[in-house]
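Pasting query04.pdb here (PDB, C-alpha atoms and all ligand atoms):
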```
ATOM      1  CA  MET A 219      51.768  14.682   3.383
ATOM      2  CA  PRO A 220      48.081  15.465   2.800
ATOM      3  CA  VAL A 221      45.745  12.781   4.078
ATOM      4  CA  ALA A 222      43.351  13.260   1.153
ATOM      5  CA  THR A 223      45.951  12.139  -1.380
ATOM      6  CA  LYS A 224      44.687   8.974  -2.968
ATOM      7  CA  VAL A 225      46.803   7.250  -5.575
ATOM      8  CA  ASP A 226      45.666   4.135  -7.352
ATOM      9  CA  CYS A 227      47.970   1.446  -8.664
ATOM     10  CA  PRO A 228      48.451   1.922 -12.434
ATOM     11  CA  GLU A 229      48.260  -1.840 -12.956
ATOM     12  CA  CYS A 230      45.496  -3.187 -10.732
ATOM     13  CA  ASP A 231      43.673   0.063  -9.777
ATOM     14  CA  GLN A 232      43.932  -0.747  -6.079
ATOM     15  CA  PRO A 233      44.290   2.291  -3.825
ATOM     16  CA  LEU A 234      47.900   2.549  -2.723
ATOM     17  CA  ILE A 235      47.621   3.135   1.003
ATOM     18  CA  ARG A 236      50.841   1.346   1.861
ATOM     19  CA  LYS A 237      53.717   1.191  -0.585
ATOM     20  CA  PRO A 238      56.238  -1.300   0.817
ATOM     21  CA  GLY A 239      59.531  -0.771  -1.027
ATOM     22  CA  GLY A 240      57.805   1.495  -3.538
ATOM     23  CA  GLN A 241      55.746  -1.408  -4.784
ATOM     24  CA  CYS A 242      52.033  -2.112  -4.935
ATOM     25  CA  PRO A 243      51.193  -4.507  -2.079
ATOM     26  CA  ASN A 244      48.586  -6.160  -4.290
ATOM     27  CA  CYS A 245      50.390  -6.874  -7.575
ATOM     28  CA  GLY A 246      54.001  -5.895  -6.841
ATOM     29  CA  THR A 247      54.275  -3.252  -9.572
ATOM     30  CA  ASP A 248      56.873  -0.525  -9.080
ATOM     31  CA  VAL A 249      54.694   2.482  -8.297
ATOM     32  CA  ARG A 250      57.298   5.029  -7.191
ATOM     33  CA  GLU A 251      57.247   7.002 -10.455
ATOM     34  CA  HIS A 252      53.475   6.822 -10.671
ATOM     35  CA  VAL A 253      53.050   8.160  -7.136
ATOM     36  CA  LEU A 254      55.552  10.933  -7.831
ATOM     37  CA  ARG A 255      53.686  11.987 -10.965
ATOM     38  CA  ALA A 256      50.343  11.930  -9.143
ATOM     39  CA  ARG A 257      51.788  14.188  -6.434
ATOM     40  CA  LEU A 258      53.179  16.612  -9.021
ATOM     41  CA  ARG A 259      49.833  16.737 -10.773
ATOM     42  CA  GLU A 260      48.108  17.492  -7.484
ATOM     43  CA  LYS A 261      50.543  20.302  -6.786
ATOM     44  CA  ARG A 262      49.886  21.789 -10.223
ATOM     45  CA  ILE A 263      46.127  21.637  -9.666
ATOM     46  CA  GLU A 264      46.567  23.430  -6.341
ATOM     47  CA  GLN A 265      48.630  26.127  -8.034
ATOM     48  CA  VAL A 266      46.109  26.585 -10.850
ATOM     49  CA  VAL A 267      43.243  26.818  -8.362
ATOM     50  CA  ALA A 268      45.189  29.370  -6.305
ATOM     51  CA  ILE A 269      45.992  31.500  -9.368
ATOM     52  CA  VAL A 270      42.475  31.360 -10.788
ATOM     53  CA  SER A 271      40.864  32.190  -7.444
ATOM     54  CA  THR A 272      43.226  35.148  -7.006
ATOM     55  CA  ILE A 273      42.345  36.462 -10.464
ATOM     56  CA  LEU A 274      38.650  35.934  -9.795
ATOM     57  CA  VAL A 275      38.765  37.683  -6.427
ATOM     58  CA  LEU A 276      40.682  40.603  -7.942
ATOM     59  CA  GLY A 277      38.307  40.791 -10.891
ATOM     60  CA  VAL A 278      35.254  40.602  -8.672
ATOM     61  CA  SER A 279      36.655  43.256  -6.334
ATOM     62  CA  LEU A 280      37.269  45.635  -9.225
ATOM     63  CA  PHE A 281      33.919  44.863 -10.768
ATOM     64  CA  ALA A 282      32.047  45.034  -7.477
ATOM     65  CA  GLY A 283      33.643  48.416  -6.764
ATOM     66  CA  GLY A 284      31.081  50.025  -9.033
ATOM     67  CA  CYS A 285      28.150  47.923  -7.880
ATOM     68  CA  THR A 286      25.716  47.796  -5.018
ATOM     69  CA  ILE A 287      26.104  45.199  -2.269
ATOM     70  CA  VAL A 288      23.564  42.911  -3.932
ATOM     71  CA  GLU A 289      25.393  42.997  -7.259
ATOM     72  CA  GLY A 290      28.675  42.381  -5.495
ATOM     73  CA  VAL A 291      27.297  39.320  -3.735
ATOM     74  CA  LEU A 292      25.856  38.086  -7.015
ATOM     75  CA  ALA A 293      29.232  38.517  -8.723
ATOM     76  CA  TYR A 294      30.856  36.599  -5.885
ATOM     77  CA  ALA A 295      28.330  33.784  -6.244
ATOM     78  CA  VAL A 296      29.033  33.574  -9.977
ATOM     79  CA  ALA A 297      32.784  33.503  -9.323
ATOM     80  CA  GLY A 298      32.292  30.747  -6.755
ATOM     81  CA  PHE A 299      30.199  28.745  -9.200
ATOM     82  CA  VAL A 300      32.851  29.095 -11.924
ATOM     83  CA  MET A 301      35.525  27.979  -9.456
ATOM     84  CA  TYR A 302      33.440  24.982  -8.458
ATOM     85  CA  GLN A 303      32.887  23.932 -12.066
ATOM     86  CA  LEU A 304      36.577  24.367 -12.844
ATOM     87  CA  ALA A 305      37.637  22.345  -9.823
ATOM     88  CA  ARG A 306      35.141  19.617 -10.673
ATOM     89  CA  LYS A 307      36.418  19.396 -14.252
ATOM     90  CA  THR A 308      40.022  19.293 -13.074
ATOM     91  CA  PHE A 309      39.519  16.693 -10.375
ATOM     92  CA  PHE A 310      37.051  14.266 -11.947
TER
HETATM   93 ZN    ZN B 401      48.840  -3.054  -8.121
END
```
Translate the structure of the given file into structure tokens.
Ligand SMILES: [Zn+2]
Amino acid sequence: MPVATKVDCPECDQPLIRKPGGQCPNCGTDVREHVLRARLREKRIEQVVAIVSTILVLGVSLFAGGCTIVEGVLAYAVAGFVMYQLARKTFF
């Protein structure tokens, strides 16, 4: 289980660090389904990021094949920036 996973209670917005009996320790709401969905969403995001970065790396490699070192580095920087923006939009 990744340590960074942070799931908030859907009812009281308290971070669910402990989930005794699958319930929110603060308000007692059943959070099992909510936690499951949050985990699935996180997995999907990871997959999308992996796919997009693979495509970007492949694209940049092909593109950079006909470029000088400087242009290749520039292309890589652009790809990194796009990835960063995408990740930011997906996560926040
Ligand atoms: Zn709660």
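Around ligand ZN 401 (chain B), using all atoms listed in the file and a cut-off of 6 Å, the residues in contact are Cys227, Glu229, Cys230, Gln232, Cys242, Asn244, Cys245 and Thr247 of chain A.
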**Study point:** Residue neighbourhood A:Lys237, 10 Å, only C-alpha atoms, exclusion window fewer than 6 positions, as a list in words
**Key:**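 Listing them by chain and then by number gives Cys227, Pro243, Asn244, Gly246, Asp248, Val249, Arg250 and Val253 of chain A.
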Check your understanding: Taking the file as shown, what set of residues would the PyMOL selection byres (((chain A and resi 293-302) around 8) and not hetatm) give back, as number ranges by chain?
Key -> A: 267, 270-271, 274-275, 278, 282, 289-292, 303-306
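For the pair atom CA of A:Glu264 and atom CA of A:Gln241, the separation is 26.5 Å.
Here atom CA of A:His252 is placed at a distance of 8.9 Å from atom CA of A:Asp226.
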Check your understanding: Quick one: of A:Ala268, A:Leu258, A:Leu276, A:Ile263, who's nearest to A:Val225, counting only C-alpha atoms?
Key ->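 With only C-alpha atoms as the atom set, the closest residue is A:Leu258.
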What would stretch 258-294 of chain A look like if you wrote it out as a short mmCIF file (atom, residue, chain, number, x, y, z; two decimals), in the first residue's frame, with N, CA and C atoms included, from the block I just posted?
```cif
data_model
loop_
_atom_site.label_atom_id
_atom_site.label_comp_id
_atom_site.auth_asym_id
_atom_site.auth_seq_id
_atom_site.Cartn_x
_atom_site.Cartn_y
_atom_site.Cartn_z
N LEU A 258 -8.88 2.84 -7.07
CA LEU A 258 -9.01 2.53 -8.49
C LEU A 258 -8.64 3.73 -9.33
N ARG A 259 -9.11 4.89 -8.89
CA ARG A 259 -8.84 6.13 -9.63
C ARG A 259 -7.34 6.38 -9.66
N GLU A 260 -6.69 6.15 -8.53
CA GLU A 260 -5.25 6.36 -8.45
C GLU A 260 -4.50 5.43 -9.40
N LYS A 261 -4.97 4.20 -9.46
CA LYS A 261 -4.36 3.21 -10.35
C LYS A 261 -4.50 3.65 -11.81
N ARG A 262 -5.69 4.16 -12.14
CA ARG A 262 -5.93 4.62 -13.51
C ARG A 262 -5.01 5.78 -13.85
N ILE A 263 -4.85 6.71 -12.91
CA ILE A 263 -3.99 7.87 -13.14
C ILE A 263 -2.56 7.38 -13.40
N GLU A 264 -2.12 6.42 -12.59
CA GLU A 264 -0.77 5.87 -12.77
C GLU A 264 -0.61 5.26 -14.16
N GLN A 265 -1.65 4.54 -14.61
CA GLN A 265 -1.59 3.91 -15.92
C GLN A 265 -1.53 4.96 -17.01
N VAL A 266 -2.38 5.99 -16.90
CA VAL A 266 -2.41 7.05 -17.91
C VAL A 266 -1.05 7.74 -17.98
N VAL A 267 -0.50 8.06 -16.81
CA VAL A 267 0.81 8.72 -16.77
C VAL A 267 1.87 7.84 -17.42
N ALA A 268 1.82 6.54 -17.13
CA ALA A 268 2.80 5.61 -17.71
C ALA A 268 2.68 5.57 -19.22
N ILE A 269 1.43 5.49 -19.72
CA ILE A 269 1.21 5.41 -21.17
C ILE A 269 1.66 6.70 -21.85
N VAL A 270 1.24 7.83 -21.29
CA VAL A 270 1.56 9.12 -21.90
C VAL A 270 3.07 9.34 -21.91
N SER A 271 3.74 8.99 -20.81
CA SER A 271 5.19 9.21 -20.76
C SER A 271 5.90 8.30 -21.75
N THR A 272 5.38 7.08 -21.94
CA THR A 272 5.98 6.18 -22.93
C THR A 272 5.85 6.77 -24.33
N ILE A 273 4.64 7.25 -24.64
CA ILE A 273 4.40 7.84 -25.96
C ILE A 273 5.31 9.06 -26.16
N LEU A 274 5.40 9.88 -25.12
CA LEU A 274 6.22 11.09 -25.21
C LEU A 274 7.69 10.73 -25.43
N VAL A 275 8.17 9.77 -24.66
CA VAL A 275 9.59 9.38 -24.79
C VAL A 275 9.85 8.83 -26.18
N LEU A 276 8.93 7.99 -26.67
CA LEU A 276 9.08 7.44 -28.02
C LEU A 276 9.07 8.55 -29.06
N GLY A 277 8.08 9.45 -28.93
CA GLY A 277 7.96 10.56 -29.86
C GLY A 277 9.19 11.43 -29.86
N VAL A 278 9.66 11.74 -28.66
CA VAL A 278 10.84 12.60 -28.52
C VAL A 278 12.06 11.90 -29.11
N SER A 279 12.19 10.61 -28.87
CA SER A 279 13.33 9.86 -29.40
C SER A 279 13.35 9.90 -30.92
N LEU A 280 12.17 9.67 -31.51
CA LEU A 280 12.07 9.70 -32.98
C LEU A 280 12.40 11.09 -33.49
N PHE A 281 11.79 12.07 -32.84
CA PHE A 281 11.95 13.46 -33.25
C PHE A 281 13.40 13.89 -33.08
N ALA A 282 13.96 13.54 -31.92
CA ALA A 282 15.32 13.97 -31.59
C ALA A 282 16.35 13.27 -32.47
N GLY A 283 15.94 12.17 -33.11
CA GLY A 283 16.86 11.44 -33.98
C GLY A 283 17.42 12.32 -35.08
N GLY A 284 16.60 13.26 -35.55
CA GLY A 284 17.04 14.13 -36.62
C GLY A 284 17.50 15.49 -36.14
N CYS A 285 17.76 15.61 -34.85
CA CYS A 285 18.12 16.91 -34.29
C CYS A 285 19.53 16.88 -33.70
N THR A 286 20.00 18.07 -33.36
CA THR A 286 21.25 18.16 -32.63
C THR A 286 20.97 17.86 -31.16
N ILE A 287 22.01 17.78 -30.37
CA ILE A 287 21.87 17.51 -28.93
C ILE A 287 21.00 18.58 -28.28
N VAL A 288 21.28 19.84 -28.62
CA VAL A 288 20.56 20.95 -28.00
C VAL A 288 19.07 20.85 -28.28
N GLU A 289 18.72 20.55 -29.53
CA GLU A 289 17.31 20.43 -29.90
C GLU A 289 16.66 19.25 -29.19
N GLY A 290 17.44 18.18 -29.04
CA GLY A 290 16.93 17.00 -28.35
C GLY A 290 16.62 17.32 -26.89
N VAL A 291 17.52 18.03 -26.25
CA VAL A 291 17.33 18.41 -24.85
C VAL A 291 16.12 19.32 -24.72
N LEU A 292 15.98 20.24 -25.66
CA LEU A 292 14.85 21.15 -25.68
C LEU A 292 13.54 20.38 -25.81
N ALA A 293 13.52 19.41 -26.71
CA ALA A 293 12.34 18.58 -26.93
C ALA A 293 12.00 17.83 -25.65
N TYR A 294 13.04 17.34 -24.97
CA TYR A 294 12.83 16.62 -23.72
C TYR A 294 12.25 17.53 -22.65
#
```
